[in-house]
$ cat final-v7.txt   # compact mmCIF, C-alpha atoms
# COMPACT_ATOMS: atom_id res chain seq x y z
CA MET A 132 20.87 9.37 -43.32
CA ASP A 133 21.90 12.04 -45.84
CA GLY A 134 19.50 10.61 -48.41
CA LEU A 135 16.46 10.59 -46.15
CA PRO A 136 13.80 13.25 -46.68
CA VAL A 137 13.35 15.72 -43.83
CA GLU A 138 9.82 14.35 -43.31
CA VAL A 139 11.25 10.90 -42.52
CA ILE A 140 13.91 12.35 -40.20
CA GLY A 141 11.21 14.32 -38.38
CA ASN A 142 9.20 11.15 -37.92
CA ILE A 143 12.25 9.30 -36.57
CA LEU A 144 13.02 12.10 -34.10
CA SER A 145 9.37 12.08 -33.01
CA HIS A 146 9.85 8.51 -31.84
CA LEU A 147 12.65 9.71 -29.56
CA GLY A 148 10.06 11.82 -27.79
CA ALA A 149 12.26 13.05 -24.94
CA ALA A 150 13.00 16.76 -25.35
CA ARG A 151 16.67 16.46 -24.35
CA ASP A 152 17.29 13.80 -27.01
CA VAL A 153 15.52 15.88 -29.64
CA VAL A 154 17.61 18.97 -28.81
CA ILE A 155 20.85 16.98 -29.04
CA ALA A 156 19.77 15.43 -32.35
CA SER A 157 18.73 18.78 -33.82
CA ALA A 158 22.25 20.12 -33.23
CA THR A 159 23.69 17.51 -35.62
CA CYS A 160 23.20 19.51 -38.82
CA ARG A 161 20.99 22.01 -40.58
CA LYS A 162 18.85 19.29 -42.16
CA TRP A 163 18.03 17.78 -38.79
CA ARG A 164 17.17 21.21 -37.36
CA GLU A 165 14.82 21.68 -40.30
CA ALA A 166 13.24 18.28 -39.61
CA VAL A 167 12.62 19.28 -35.98
CA ARG A 168 11.21 22.66 -36.96
CA ARG A 169 8.84 21.46 -39.65
CA HIS A 170 8.09 17.79 -39.01
CA LEU A 171 8.54 16.94 -35.31
CA HIS A 172 5.11 15.87 -34.02
CA THR A 173 5.87 14.40 -30.57
CA LEU A 174 7.71 16.02 -27.65
CA SER A 175 8.03 14.98 -24.01
CA VAL A 176 9.45 17.06 -21.16
CA SER A 177 9.63 14.68 -18.20
CA ASP A 178 11.92 14.35 -15.20
CA THR A 179 11.64 10.59 -15.53
CA ASP A 180 13.30 10.82 -18.96
CA TRP A 181 16.03 13.07 -17.62
CA PRO A 182 16.34 13.79 -13.86
CA GLY A 183 18.68 16.66 -14.72
CA TYR A 184 15.67 18.97 -15.04
CA ARG A 185 15.59 19.11 -11.23
CA GLU A 186 19.08 20.57 -11.11
CA HIS A 187 18.19 23.72 -13.11
CA ARG A 188 16.97 26.98 -11.68
CA THR A 189 13.29 27.57 -12.38
CA GLU A 190 13.96 30.54 -14.66
CA ASP A 191 16.55 28.62 -16.68
CA LEU A 192 14.27 25.59 -17.02
CA GLU A 193 11.42 27.75 -18.29
CA VAL A 194 13.71 29.23 -20.95
CA ILE A 195 15.01 25.79 -22.04
CA ILE A 196 11.50 24.36 -22.44
CA THR A 197 10.25 27.49 -24.20
CA GLN A 198 13.10 27.45 -26.72
CA THR A 199 12.61 23.75 -27.39
CA ILE A 200 8.86 24.07 -28.05
CA MET A 201 9.26 27.25 -30.12
CA GLN A 202 11.68 25.43 -32.43
CA THR A 203 8.79 23.29 -33.65
CA SER A 204 5.85 24.30 -35.84
CA SER A 205 3.59 21.24 -36.01
CA LEU A 206 3.53 19.51 -32.62
CA GLU A 207 0.63 17.08 -32.29
CA ASP A 208 1.57 15.33 -29.03
CA LEU A 209 3.00 17.31 -26.09
CA SER A 210 3.76 15.87 -22.66
CA ILE A 211 4.94 18.03 -19.73
CA CYS A 212 5.43 15.97 -16.57
CA LEU A 213 7.64 17.54 -13.92
CA GLY A 214 7.25 16.54 -10.30
CA PRO A 215 8.27 18.29 -7.08
CA PRO A 216 10.30 20.29 -6.29
CA ILE A 217 9.83 21.78 -9.77
CA THR A 218 7.14 24.47 -9.82
CA LEU A 219 6.99 26.72 -12.88
CA SER A 220 5.41 30.12 -13.44
CA ALA A 221 2.04 30.21 -15.17
CA ALA A 222 3.11 32.65 -17.90
CA PRO A 223 5.50 30.36 -19.84
CA VAL A 224 3.06 27.46 -19.60
CA VAL A 225 0.35 29.66 -21.13
CA ALA A 226 2.78 30.59 -23.90
CA TRP A 227 3.47 26.91 -24.69
CA LEU A 228 -0.23 26.09 -24.85
CA MET A 229 -1.09 29.11 -26.97
CA TYR A 230 1.77 28.39 -29.38
CA THR A 231 0.70 24.76 -29.96
CA ARG A 232 -3.08 25.12 -29.77
CA GLU A 233 -3.67 25.01 -33.54
CA SER A 234 -1.80 21.74 -34.11
CA LEU A 235 -1.96 19.85 -30.80
CA ARG A 236 -4.02 16.64 -30.73
CA PHE A 237 -2.75 15.07 -27.49
CA LEU A 238 -1.76 16.92 -24.31
CA ASN A 239 -0.39 15.40 -21.09
CA TYR A 240 0.08 18.12 -18.46
CA ASN A 241 1.12 16.88 -15.01
CA MET A 242 2.84 19.47 -12.85
CA GLN A 243 2.23 22.37 -10.48
CA THR A 244 2.50 26.08 -11.21
CA LYS A 245 3.25 28.89 -8.77
CA SER A 246 -0.14 30.49 -9.39
CA HIS A 247 -3.47 29.01 -10.44
CA LEU A 248 -3.72 28.09 -14.11
CA ASN A 249 -6.80 26.67 -15.78
CA ILE A 250 -5.33 24.43 -18.48
CA LEU A 251 -8.76 23.85 -20.04
CA GLU A 252 -9.07 27.56 -20.75
CA ARG A 253 -5.70 27.84 -22.49
CA CYS A 254 -5.30 24.66 -24.52
CA GLY A 255 -6.62 24.26 -28.04
CA LYS A 256 -10.05 22.66 -27.98
CA GLN A 257 -11.01 22.11 -31.62
CA ARG A 258 -8.34 19.49 -32.48
CA LEU A 259 -7.62 17.91 -29.09
CA GLU A 260 -8.31 14.15 -29.05
CA GLY A 261 -6.56 13.10 -25.84
CA LEU A 262 -6.14 15.10 -22.62
CA THR A 263 -4.39 14.07 -19.40
CA LEU A 264 -4.32 16.50 -16.48
CA GLY A 265 -2.53 16.01 -13.16
CA CYS A 266 -1.74 18.00 -10.02
CA THR A 267 -3.92 20.96 -11.00
CA MET A 268 -7.21 22.61 -10.09
CA ILE A 269 -10.10 23.21 -12.47
CA ALA A 270 -11.83 26.18 -10.90
CA HIS A 271 -14.13 27.12 -13.75
CA VAL A 272 -16.04 25.27 -16.47
CA ASP A 273 -19.02 26.50 -18.46
CA SER A 274 -21.14 24.90 -21.16
CA VAL A 275 -20.42 27.59 -23.75
CA ASN A 276 -16.64 28.08 -23.82
CA TYR A 277 -15.47 24.63 -22.77
CA LYS A 278 -16.36 22.44 -25.72
CA PHE A 279 -14.04 19.73 -27.01
CA PRO A 280 -15.77 18.46 -30.16
CA VAL A 281 -13.29 15.65 -30.99
CA LEU A 282 -11.91 14.73 -27.53
CA ARG A 283 -11.97 10.95 -27.13
CA SER A 284 -9.85 10.34 -24.03
CA LEU A 285 -9.78 12.25 -20.71
CA THR A 286 -7.65 11.41 -17.68
CA LEU A 287 -7.82 13.36 -14.42
CA SER A 288 -5.13 12.48 -11.86
CA ARG A 289 -4.91 14.30 -8.53
CA VAL A 290 -7.10 17.03 -9.96
CA SER A 291 -9.37 19.24 -7.89
CA ILE A 292 -12.80 19.83 -9.43
CA THR A 293 -16.41 19.88 -8.29
CA ALA A 294 -18.86 17.23 -9.49
CA VAL A 295 -20.97 19.93 -11.15
CA ARG A 296 -18.00 21.24 -13.16
CA LEU A 297 -16.95 17.71 -14.06
CA ASN A 298 -20.38 17.04 -15.54
CA LEU A 299 -20.25 20.33 -17.44
CA LEU A 300 -16.90 19.26 -18.84
CA LEU A 301 -18.29 15.87 -19.87
CA SER A 302 -21.27 17.52 -21.54
CA GLY A 303 -18.82 19.49 -23.69
CA CYS A 304 -17.17 16.29 -24.97
CA PRO A 305 -19.76 14.68 -27.29
CA LYS A 306 -17.30 12.07 -28.63
CA LEU A 307 -15.63 11.10 -25.35
CA GLU A 308 -14.95 7.35 -25.22
CA SER A 309 -12.51 6.93 -22.32
CA LEU A 310 -12.63 8.58 -18.88
CA SER A 311 -10.13 7.86 -16.09
CA ILE A 312 -10.28 9.48 -12.64
CA CYS A 313 -7.39 8.78 -10.25
CA ARG A 314 -7.14 10.12 -6.69
CA ALA A 315 -9.02 13.26 -7.64
CA ASP A 316 -10.54 15.72 -5.18
CA ILE A 317 -14.18 15.82 -6.30
CA GLY A 318 -16.21 18.50 -4.55
CA LEU A 319 -19.75 17.31 -3.79
CA THR A 320 -22.85 19.31 -2.95
CA GLY A 321 -26.09 18.38 -1.24
CA SER A 322 -26.94 16.43 1.90
CA THR A 323 -25.53 13.14 0.55
CA ALA A 324 -21.97 12.68 -0.68
CA ALA A 325 -23.13 11.38 -4.08
CA MET A 326 -21.33 11.84 -7.39
CA ASP A 327 -23.49 11.67 -10.52
CA LEU A 328 -21.73 11.40 -13.89
CA CYS A 329 -23.28 11.34 -17.34
CA SER A 330 -21.65 10.70 -20.72
CA PRO A 331 -23.75 9.11 -23.49
CA SER A 332 -20.71 8.35 -25.68
CA LEU A 333 -18.47 6.83 -22.97
CA ARG A 334 -17.13 3.31 -23.60
CA THR A 335 -14.41 2.95 -20.94
CA PHE A 336 -14.50 4.20 -17.34
CA ALA A 337 -11.75 3.74 -14.74
CA LEU A 338 -11.86 4.94 -11.14
CA GLU A 339 -8.88 4.66 -8.77
CA GLY A 340 -8.06 5.80 -5.26
CA MET A 341 -11.45 7.39 -4.52
CA ASP A 342 -13.45 7.53 -1.28
CA VAL A 343 -17.03 8.45 -2.16
CA GLU A 344 -20.32 7.53 -0.55
CA GLN A 345 -22.25 7.00 -3.79
CA ILE A 346 -21.50 7.10 -7.51
CA VAL A 347 -24.12 6.95 -10.23
CA LEU A 348 -22.69 6.62 -13.74
CA GLU A 349 -25.02 7.06 -16.69
CA ALA A 350 -23.28 5.80 -19.82
CA ASP A 351 -25.44 4.06 -22.41
CA LYS A 352 -22.51 2.67 -24.45
CA LEU A 353 -20.14 1.67 -21.64
CA GLU A 354 -18.11 -1.45 -22.49
CA SER A 355 -15.41 -1.49 -19.79
CA LEU A 356 -15.71 -0.63 -16.08
CA SER A 357 -12.66 -0.64 -13.78
CA LEU A 358 -12.66 0.14 -10.05
CA LYS A 359 -9.39 0.07 -8.07
CA ASP A 360 -8.42 1.00 -4.52
CA CYS A 361 -11.78 2.63 -3.79
CA ARG A 362 -14.04 2.92 -0.75
CA LEU A 363 -17.66 3.18 -1.84
CA ASP A 364 -21.02 2.56 -0.25
CA HIS A 365 -22.92 2.28 -3.51
CA PHE A 366 -21.94 2.19 -7.17
CA GLU A 367 -24.70 2.21 -9.77
CA LEU A 368 -24.31 1.90 -13.53
CA LEU A 369 -27.09 3.03 -15.83
CA SER A 370 -26.49 1.75 -19.35
CA LYS A 371 -28.14 -0.11 -22.21
CA GLY A 372 -26.49 -3.49 -21.74
CA SER A 373 -23.24 -2.88 -23.62
CA LEU A 374 -20.83 -3.77 -20.77
CA ARG A 375 -18.18 -6.34 -21.79
CA ALA A 376 -15.50 -6.09 -19.08
CA LEU A 377 -15.78 -5.59 -15.32
CA LYS A 378 -12.58 -5.25 -13.24
CA ILE A 379 -12.51 -4.66 -9.49
CA ASP A 380 -9.30 -4.56 -7.43
CA ASP A 381 -8.99 -3.74 -3.71
CA VAL A 382 -12.43 -2.19 -3.38
CA SER A 383 -14.65 -1.88 -0.33
CA MET A 384 -18.28 -1.58 -1.33
CA VAL A 385 -21.65 -2.23 0.26
CA GLN A 386 -23.70 -2.41 -2.94
CA LEU A 387 -22.83 -2.85 -6.60
CA ASP A 388 -25.66 -2.31 -9.05
CA ILE A 389 -25.04 -2.67 -12.77
CA GLY A 390 -28.66 -3.48 -13.58
CA ASP A 391 -29.24 -5.39 -16.79
CA SER A 392 -25.82 -4.53 -18.21
CA THR A 393 -24.44 -8.08 -18.11
CA ASP A 394 -25.93 -9.63 -21.27
CA LEU A 395 -22.74 -8.99 -23.28
CA LEU A 396 -20.30 -9.34 -20.36
CA GLU A 397 -17.24 -11.38 -21.37
CA VAL A 398 -14.59 -10.55 -18.75
CA VAL A 399 -14.97 -10.35 -14.95
CA ASP A 400 -11.79 -9.79 -12.94
CA VAL A 401 -12.28 -9.37 -9.18
CA LYS A 402 -9.50 -9.19 -6.60
CA ASP A 403 -9.69 -8.28 -2.90
CA PHE A 404 -13.32 -7.27 -3.15
CA ASN A 405 -15.07 -7.47 0.20
CA ILE A 406 -18.40 -8.69 -1.07
CA MET A 407 -19.75 -12.17 -0.44
CA TRP A 408 -19.81 -14.51 -3.42
CA PRO A 409 -23.62 -15.11 -3.43
CA LYS A 410 -24.22 -11.36 -3.49
CA PHE A 411 -21.70 -10.79 -6.28
CA TYR A 412 -22.98 -13.81 -8.21
CA ASP A 413 -26.41 -12.20 -8.30
CA VAL A 414 -24.81 -9.25 -10.11
CA ILE A 415 -23.17 -11.32 -12.86
CA SER A 416 -25.45 -14.37 -12.96
CA LYS A 417 -27.03 -13.41 -16.30
CA ALA A 418 -23.67 -13.12 -18.08
CA SER A 419 -24.18 -16.20 -20.25
CA LYS A 420 -21.46 -15.03 -22.68
CA LEU A 421 -18.77 -14.80 -20.00
CA LYS A 422 -15.39 -16.05 -21.29
CA SER A 423 -13.00 -15.02 -18.51
CA LEU A 424 -13.68 -15.07 -14.76
CA ARG A 425 -11.19 -14.22 -12.02
CA VAL A 426 -12.34 -14.20 -8.40
CA TRP A 427 -9.38 -13.82 -6.07
CA GLY A 428 -9.28 -13.56 -2.28
CA LEU A 429 -12.57 -14.99 -1.04
CA THR A 430 -12.78 -16.52 2.44
CA ILE A 431 -14.39 -19.94 2.89
CA ASP A 432 -16.46 -19.83 6.06
CA GLY A 433 -18.53 -22.98 5.55
CA ASP A 434 -21.78 -21.14 4.84
CA GLU A 435 -21.11 -18.88 1.89
CA ASN A 436 -18.53 -19.92 -0.67
CA LEU A 437 -17.63 -19.75 -4.32
CA ASP A 438 -19.50 -22.60 -5.96
CA LEU A 439 -17.66 -24.04 -8.98
CA GLU A 440 -20.73 -26.09 -9.83
CA THR A 441 -22.74 -22.91 -10.25
CA ILE A 442 -19.96 -21.34 -12.31
CA ALA A 443 -19.80 -24.30 -14.69
CA VAL A 444 -23.56 -24.28 -15.25
CA SER A 445 -24.07 -20.51 -15.43
CA PHE A 446 -21.13 -19.68 -17.70
CA PRO A 447 -20.92 -22.41 -20.36
CA LYS A 448 -18.63 -20.33 -22.63
CA LEU A 449 -15.98 -19.82 -19.95
CA GLN A 450 -12.43 -20.21 -21.32
CA ARG A 451 -10.29 -18.70 -18.55
CA LEU A 452 -10.93 -19.28 -14.85
CA ALA A 453 -8.99 -18.09 -11.80
CA VAL A 454 -10.16 -18.73 -8.23
CA ASN A 455 -8.50 -18.36 -4.86
CA TYR A 456 -9.59 -19.67 -1.47
CA ASP A 457 -8.69 -19.22 2.15
CA LEU A 458 -8.38 -22.92 2.98
CA VAL A 459 -8.28 -22.86 6.77
CA ASP A 460 -6.22 -25.61 8.47
CA GLY A 461 -8.47 -28.30 9.89
CA VAL A 462 -11.24 -27.87 7.32
CA ASN A 463 -11.66 -31.11 5.38
CA HIS A 464 -14.29 -30.29 2.75
CA ASN A 465 -13.16 -29.66 -0.80
CA PRO A 466 -14.55 -26.30 -2.03
CA PHE A 467 -13.37 -27.00 -5.59
CA LEU A 468 -15.69 -29.96 -6.13
CA VAL A 469 -17.66 -29.83 -9.36
CA SER A 470 -19.68 -32.60 -11.00
CA VAL A 471 -20.15 -31.08 -14.46
CA LEU A 472 -17.43 -30.43 -17.00
CA LEU A 473 -15.79 -27.07 -17.57
CA GLU A 474 -15.59 -28.03 -21.21
CA ARG A 475 -14.15 -24.86 -22.75
CA VAL A 476 -11.71 -23.84 -20.04
CA VAL A 477 -8.18 -23.74 -21.52
CA TRP A 478 -6.51 -21.56 -18.87
CA LEU A 479 -6.89 -22.23 -15.14
CA GLU A 480 -5.40 -20.48 -12.11
CA LEU A 481 -5.88 -21.85 -8.61
CA GLY A 482 -4.73 -20.25 -5.39
CA SER A 483 -4.85 -20.95 -1.67
CA THR A 484 -3.63 -19.29 1.51
CA VAL A 485 -2.55 -22.70 2.86
CA ILE A 486 -0.26 -25.37 1.42
CA ASN A 487 -1.59 -28.80 2.44
CA GLU A 488 -2.92 -32.09 1.08
CA LEU A 489 -6.44 -30.70 0.75
CA TYR A 490 -5.17 -28.06 -1.66
CA ALA A 491 -3.52 -30.76 -3.78
CA GLU A 492 -6.79 -32.72 -3.79
CA CYS A 493 -8.64 -29.57 -4.86
CA ILE A 494 -6.29 -29.08 -7.79
CA GLY A 495 -6.70 -32.67 -8.90
CA ALA A 496 -10.49 -32.48 -8.65
CA VAL A 497 -10.67 -29.43 -10.92
CA LEU A 498 -8.22 -30.90 -13.44
CA GLU A 499 -10.52 -33.89 -13.80
CA ARG A 500 -13.34 -31.62 -14.93
CA CYS A 501 -11.37 -29.59 -17.51
CA PRO A 502 -10.93 -31.80 -20.60
CA SER A 503 -9.70 -28.93 -22.83
CA LEU A 504 -7.21 -27.48 -20.37
CA GLU A 505 -3.88 -26.28 -21.81
CA LYS A 506 -2.37 -24.19 -19.00
CA LEU A 507 -2.56 -24.45 -15.19
CA VAL A 508 -1.05 -21.88 -12.81
CA VAL A 509 -0.78 -22.89 -9.15
CA HIS A 510 -0.43 -20.13 -6.53
CA GLY A 511 0.65 -20.69 -2.93
CA PRO A 512 2.29 -19.00 0.09
CA ILE A 513 5.51 -21.04 0.31
CA SER A 514 7.68 -18.25 1.76
CA GLU A 515 5.14 -17.52 4.49
CA ALA A 516 4.87 -21.20 5.37
CA ILE A 517 8.62 -21.76 5.62
CA GLY A 518 8.99 -18.64 7.76
CA ARG A 519 6.66 -20.00 10.46
CA ASP A 520 8.28 -22.05 13.20
CA ASP A 521 5.04 -23.91 13.91
CA TYR A 522 4.30 -24.81 10.30
CA PRO A 523 4.47 -28.57 9.57
CA ILE A 524 7.09 -28.76 6.80
CA HIS A 525 5.98 -32.29 5.96
CA GLN A 526 2.76 -30.81 4.53
CA ILE A 527 4.78 -28.98 1.90
CA ALA A 528 6.59 -32.23 1.07
CA LYS A 529 3.32 -34.11 0.67
CA PHE A 530 1.85 -31.28 -1.41
CA THR A 531 4.89 -31.34 -3.71
CA THR A 532 4.65 -35.10 -4.12
CA SER A 533 0.96 -34.84 -4.98
CA LEU A 534 1.66 -32.18 -7.60
CA VAL A 535 4.37 -34.30 -9.21
CA ASN A 536 1.89 -37.16 -9.51
CA LEU A 537 -0.67 -34.78 -11.06
CA MET A 538 1.90 -33.59 -13.60
CA ARG A 539 2.45 -37.20 -14.63
CA ARG A 540 -1.26 -37.85 -14.99
CA PHE A 541 -1.93 -34.65 -16.93
CA SER A 542 1.22 -34.54 -19.01
CA ASP A 543 -0.49 -32.58 -21.81
CA VAL A 544 -1.19 -29.65 -19.48
CA GLU A 545 1.48 -26.98 -19.01
CA ILE A 546 1.81 -26.29 -15.28
CA ASP A 547 3.44 -23.19 -13.79
CA PHE A 548 3.94 -22.32 -10.13
CA GLU A 549 3.61 -18.83 -8.65
CA TYR A 550 4.79 -19.04 -5.05
CA ARG A 551 5.17 -16.00 -2.86

$ encode --input "final-v7.txt" --output "structure tokens"
Amino acid sequence: MDGLPVEVIGNILSHLGAARDVVIASATCRKWREAVRRHLHTLSVSDTDWPGYREHRTEDLEVIITQTIMQTSSLEDLSICLGPPITLSAAPVVAWLMYTRESLRFLNYNMQTKSHLNILERCGKQRLEGLTLGCTMIAHVDSVNYKFPVLRSLTLSRVSITAVRLNLLLSGCPKLESLSICRADIGLTGSTAAMDLCSPSLRTFALEGMDVEQIVLEADKLESLSLKDCRLDHFELLSKGSLRALKIDDVSMVQLDIGDSTDLLEVVDVKDFNIMWPKFYDVISKASKLKSLRVWGLTIDGDENLDLETIAVSFPKLQRLAVNYDLVDGVNHNPFLVSVLLERVVWLELGSTVINELYAECIGAVLERCPSLEKLVVHGPISEAIGRDDYPIHQIAKFTTSLVNLMRRFSDVEIDFEYR
């Protein structure tokens, strides 16, 4: 290590990241202290890296963090993530932000202060490319003083802000490409609880843990849309047909409207989405370039079901397919029947809420129609079945026997089992 330039040592210490490790390393010798002072570019103060932060008095912790940051001169990536019961004063936090504002490119600030602190007002805006804010309130934003000319990624987690201020913030980020909103408190105005967002440069949008009546997102260049753990009446996307990935997980929604944004759609991943298949199919039916489709957790009621025939015809470029059914005991029809070939499918996942002979027949029927298949993953509720006193164990035995026979017939297909 003696022969390494201080620039290289600084880069190595930057990969440590955790402030405690950096402080220990900097005490090794004068050369390493110089590397930290002049060439350290990444620093993380997090109670997940070292729980010992919680054992310090607030005043002592503020001094430790201040001394650590002030030892550096060219920080580009600063992360301060300290959860309860740690609550720091606003003054030292302001000092940290002011000290690093000329060099900082990425800031992750996730903690509470004893008094209100507007991080957007204090952090450096001209060089910042990535900003993550958590557990804070943004009480003021204006279109003149809150401009982030090179900001590309913005994450708001458990942040309190009004929809009007959020849009003002977005308007001050002309190069923003990624926006993530998680369990935020968005203040809405007007007679309807509607949230309108607009970002012409946005390419990725993720929404998690939100309960909003209506969301209208205007993003001409949007390529990826992700909705998770949300309760929405209506979500509408206004774009120019650039969407490539749509992911929905545990979402309750009355209406999904993405307009004509499906021409380039390649990935659709839907799980626990309480919308009927025919209604959702209407949304994605024009996605002729679709390569990956996952539809998990639909209920077969005899009238409306996921039609594999329609999938095979509508999405001829499909390479990965995952479907799950609620195969009710006593129902004898095979919902997996398909007469045309799924010629390009190389990865297949099949799931059912019931383990029985019908499920085994369903698996065999789909295998017959996938000539290029390389990998099959079979999902099933074995633990739930065994735990029921009234469950016919012989069904599991017959299902296992049927699968063994399928493995012999399709020996060139790798088969995995995911039982819960």

$ closest_residue --input "final-v7.txt" --among "A:Arg334, A:Lys402, A:Arg451, A:Arg164" --to "Gly372 (chain A)" --atoms "only C-alpha atoms"
A:Arg334

$ atom_distance --input "final-v7.txt" --atom1 "CA of Gly148 (chain A)" --atom2 "CA of Ser234 (chain A)"
16.7 Å

$ residues_around --input "final-v7.txt" --residues "Val471 (chain A)" --least-positions-apart "4" --cutoff "8 Å" --atoms "all atoms listed in the file" --output "VMD selection string"
chain A and resid 440 443 to 444 500

$ atom_distance --input "final-v7.txt" --atom1 "CA of Ala315 (chain A)" --atom2 "CA of Leu368 (chain A)"
19.9 Å

$ residues_around --input "final-v7.txt" --residues "Ser330 (chain A)" --least-positions-apart "2" --cutoff "7 Å" --atoms "only C-alpha atoms" --output "MDAnalysis selection string"
chainID A and resid 301:302 328 332:333 349:350

$ closest_atom_pairs --input "final-v7.txt" --of "region 314-348 of chain A" --to "region 262-278 of chain A" --cutoff "12 Å" --atoms "only C-alpha atoms" --output "JSON lines"
{"residue": "A:Arg314", "atom": "CA", "partner": "A:Gly265", "partner_atom": "CA", "distance": 9.9}
{"residue": "A:Ala315", "atom": "CA", "partner": "A:Gly265", "partner_atom": "CA", "distance": 9.0}
{"residue": "A:Asp316", "atom": "CA", "partner": "A:Met268", "partner_atom": "CA", "distance": 9.1}
{"residue": "A:Ile317", "atom": "CA", "partner": "A:Met268", "partner_atom": "CA", "distance": 10.4}
{"residue": "A:Gly318", "atom": "CA", "partner": "A:Ala270", "partner_atom": "CA", "distance": 10.9}

$ closest_residue --input "final-v7.txt" --among "A:Ala149, A:Leu219, A:Leu489, A:Leu377" --to "Phe336 (chain A)" --atoms "all atoms listed in the file"
A:Leu377

$ residues_around --input "final-v7.txt" --residues "Asp178 (chain A)" --least-positions-apart "2" --cutoff "12 Å" --atoms "all atoms listed in the file" --output "list in words"
Ala149, Ala150, Arg151, Ser175, Val176, Asp180, Trp181, Pro182, Gly183, Tyr184, Arg185, Glu186, His187, Leu192, Ser210, Ile211, Cys212, Leu213, Gly214, Pro215, Pro216, Ile217, Asn241 and Met242 of chain A

$ write_last_selection --input "final-v7.txt" --atoms "C-alpha atoms" --output "PDB file, in the frame of the given file"
ATOM      1  CA  ALA A 149      12.260  13.050 -24.940  1.00  0.00           C
ATOM      2  CA  ALA A 150      13.000  16.760 -25.350  1.00  0.00           C
ATOM      3  CA  ARG A 151      16.670  16.460 -24.350  1.00  0.00           C
ATOM      4  CA  SER A 175       8.030  14.980 -24.010  1.00  0.00           C
ATOM      5  CA  VAL A 176       9.450  17.060 -21.160  1.00  0.00           C
ATOM      6  CA  ASP A 180      13.300  10.820 -18.960  1.00  0.00           C
ATOM      7  CA  TRP A 181      16.030  13.070 -17.620  1.00  0.00           C
ATOM      8  CA  PRO A 182      16.340  13.790 -13.860  1.00  0.00           C
ATOM      9  CA  GLY A 183      18.680  16.660 -14.720  1.00  0.00           C
ATOM     10  CA  TYR A 184      15.670  18.970 -15.040  1.00  0.00           C
ATOM     11  CA  ARG A 185      15.590  19.110 -11.230  1.00  0.00           C
ATOM     12  CA  GLU A 186      19.080  20.570 -11.110  1.00  0.00           C
ATOM     13  CA  HIS A 187      18.190  23.720 -13.110  1.00  0.00           C
ATOM     14  CA  LEU A 192      14.270  25.590 -17.020  1.00  0.00           C
ATOM     15  CA  SER A 210       3.760  15.870 -22.660  1.00  0.00           C
ATOM     16  CA  ILE A 211       4.940  18.030 -19.730  1.00  0.00           C
ATOM     17  CA  CYS A 212       5.430  15.970 -16.570  1.00  0.00           C
ATOM     18  CA  LEU A 213       7.640  17.540 -13.920  1.00  0.00           C
ATOM     19  CA  GLY A 214       7.250  16.540 -10.300  1.00  0.00           C
ATOM     20  CA  PRO A 215       8.270  18.290  -7.080  1.00  0.00           C
ATOM     21  CA  PRO A 216      10.300  20.290  -6.290  1.00  0.00           C
ATOM     22  CA  ILE A 217       9.830  21.780  -9.770  1.00  0.00           C
ATOM     23  CA  ASN A 241       1.120  16.880 -15.010  1.00  0.00           C
ATOM     24  CA  MET A 242       2.840  19.470 -12.850  1.00  0.00           C
TER      25      MET A 242
END

$ atom_distance --input "final-v7.txt" --atom1 "CA of Gly134 (chain A)" --atom2 "CA of Trp163 (chain A)"
12.1 Å

$ closest_residue --input "final-v7.txt" --among "A:Val224, A:Val401, A:Leu481, A:Leu396" --to "Phe446 (chain A)" --atoms "all atoms listed in the file"
A:Leu396

$ residues_around --input "final-v7.txt" --residues "Glu165 (chain A)" --least-positions-apart "6" --cutoff "10 Å" --atoms "only C-alpha atoms" --output "number ranges by chain"
A: 137-138, 140-141, 157, 171, 202-203

$ closest_residue --input "final-v7.txt" --among "A:Val454, A:Val347, A:Val382, A:Leu507" --to "His365 (chain A)" --atoms "all atoms listed in the file"
A:Val347

$ closest_residue --input "final-v7.txt" --among "A:Val477, A:Glu549, A:Asn487, A:Phe541" --to "Gln526 (chain A)" --atoms "all atoms listed in the file"
A:Asn487

$ residues_around --input "final-v7.txt" --residues "Arg475 (chain A)" --least-positions-apart "2" --cutoff "12 Å" --atoms "all atoms listed in the file" --output "NGL selection string"
:A and (421-423 or 443 or 446-452 or 471-473 or 477-479 or 500-505)

$ closest_residue --input "final-v7.txt" --among "A:Leu498, A:Ile406, A:Ile195, A:Val167" --to "Arg540 (chain A)" --atoms "only C-alpha atoms"
A:Leu498

$ residues_near_point --input "final-v7.txt" --point "(-10.2, 12.4, -27.6)" --cutoff "10 Å" --atoms "only C-alpha atoms" --output "compact mmCIF listing (two decimals) with C-alpha atoms, in the coordinates of the input"
# COMPACT_ATOMS: atom_id res chain seq x y z
CA ARG A 236 -4.02 16.64 -30.73
CA PHE A 237 -2.75 15.07 -27.49
CA ARG A 258 -8.34 19.49 -32.48
CA LEU A 259 -7.62 17.91 -29.09
CA GLU A 260 -8.31 14.15 -29.05
CA GLY A 261 -6.56 13.10 -25.84
CA LEU A 262 -6.14 15.10 -22.62
CA PHE A 279 -14.04 19.73 -27.01
CA PRO A 280 -15.77 18.46 -30.16
CA VAL A 281 -13.29 15.65 -30.99
CA LEU A 282 -11.91 14.73 -27.53
CA ARG A 283 -11.97 10.95 -27.13
CA SER A 284 -9.85 10.34 -24.03
CA LEU A 285 -9.78 12.25 -20.71
CA CYS A 304 -17.17 16.29 -24.97
CA PRO A 305 -19.76 14.68 -27.29
CA LYS A 306 -17.30 12.07 -28.63
CA LEU A 307 -15.63 11.10 -25.35
CA GLU A 308 -14.95 7.35 -25.22
CA SER A 309 -12.51 6.93 -22.32
CA LEU A 310 -12.63 8.58 -18.88
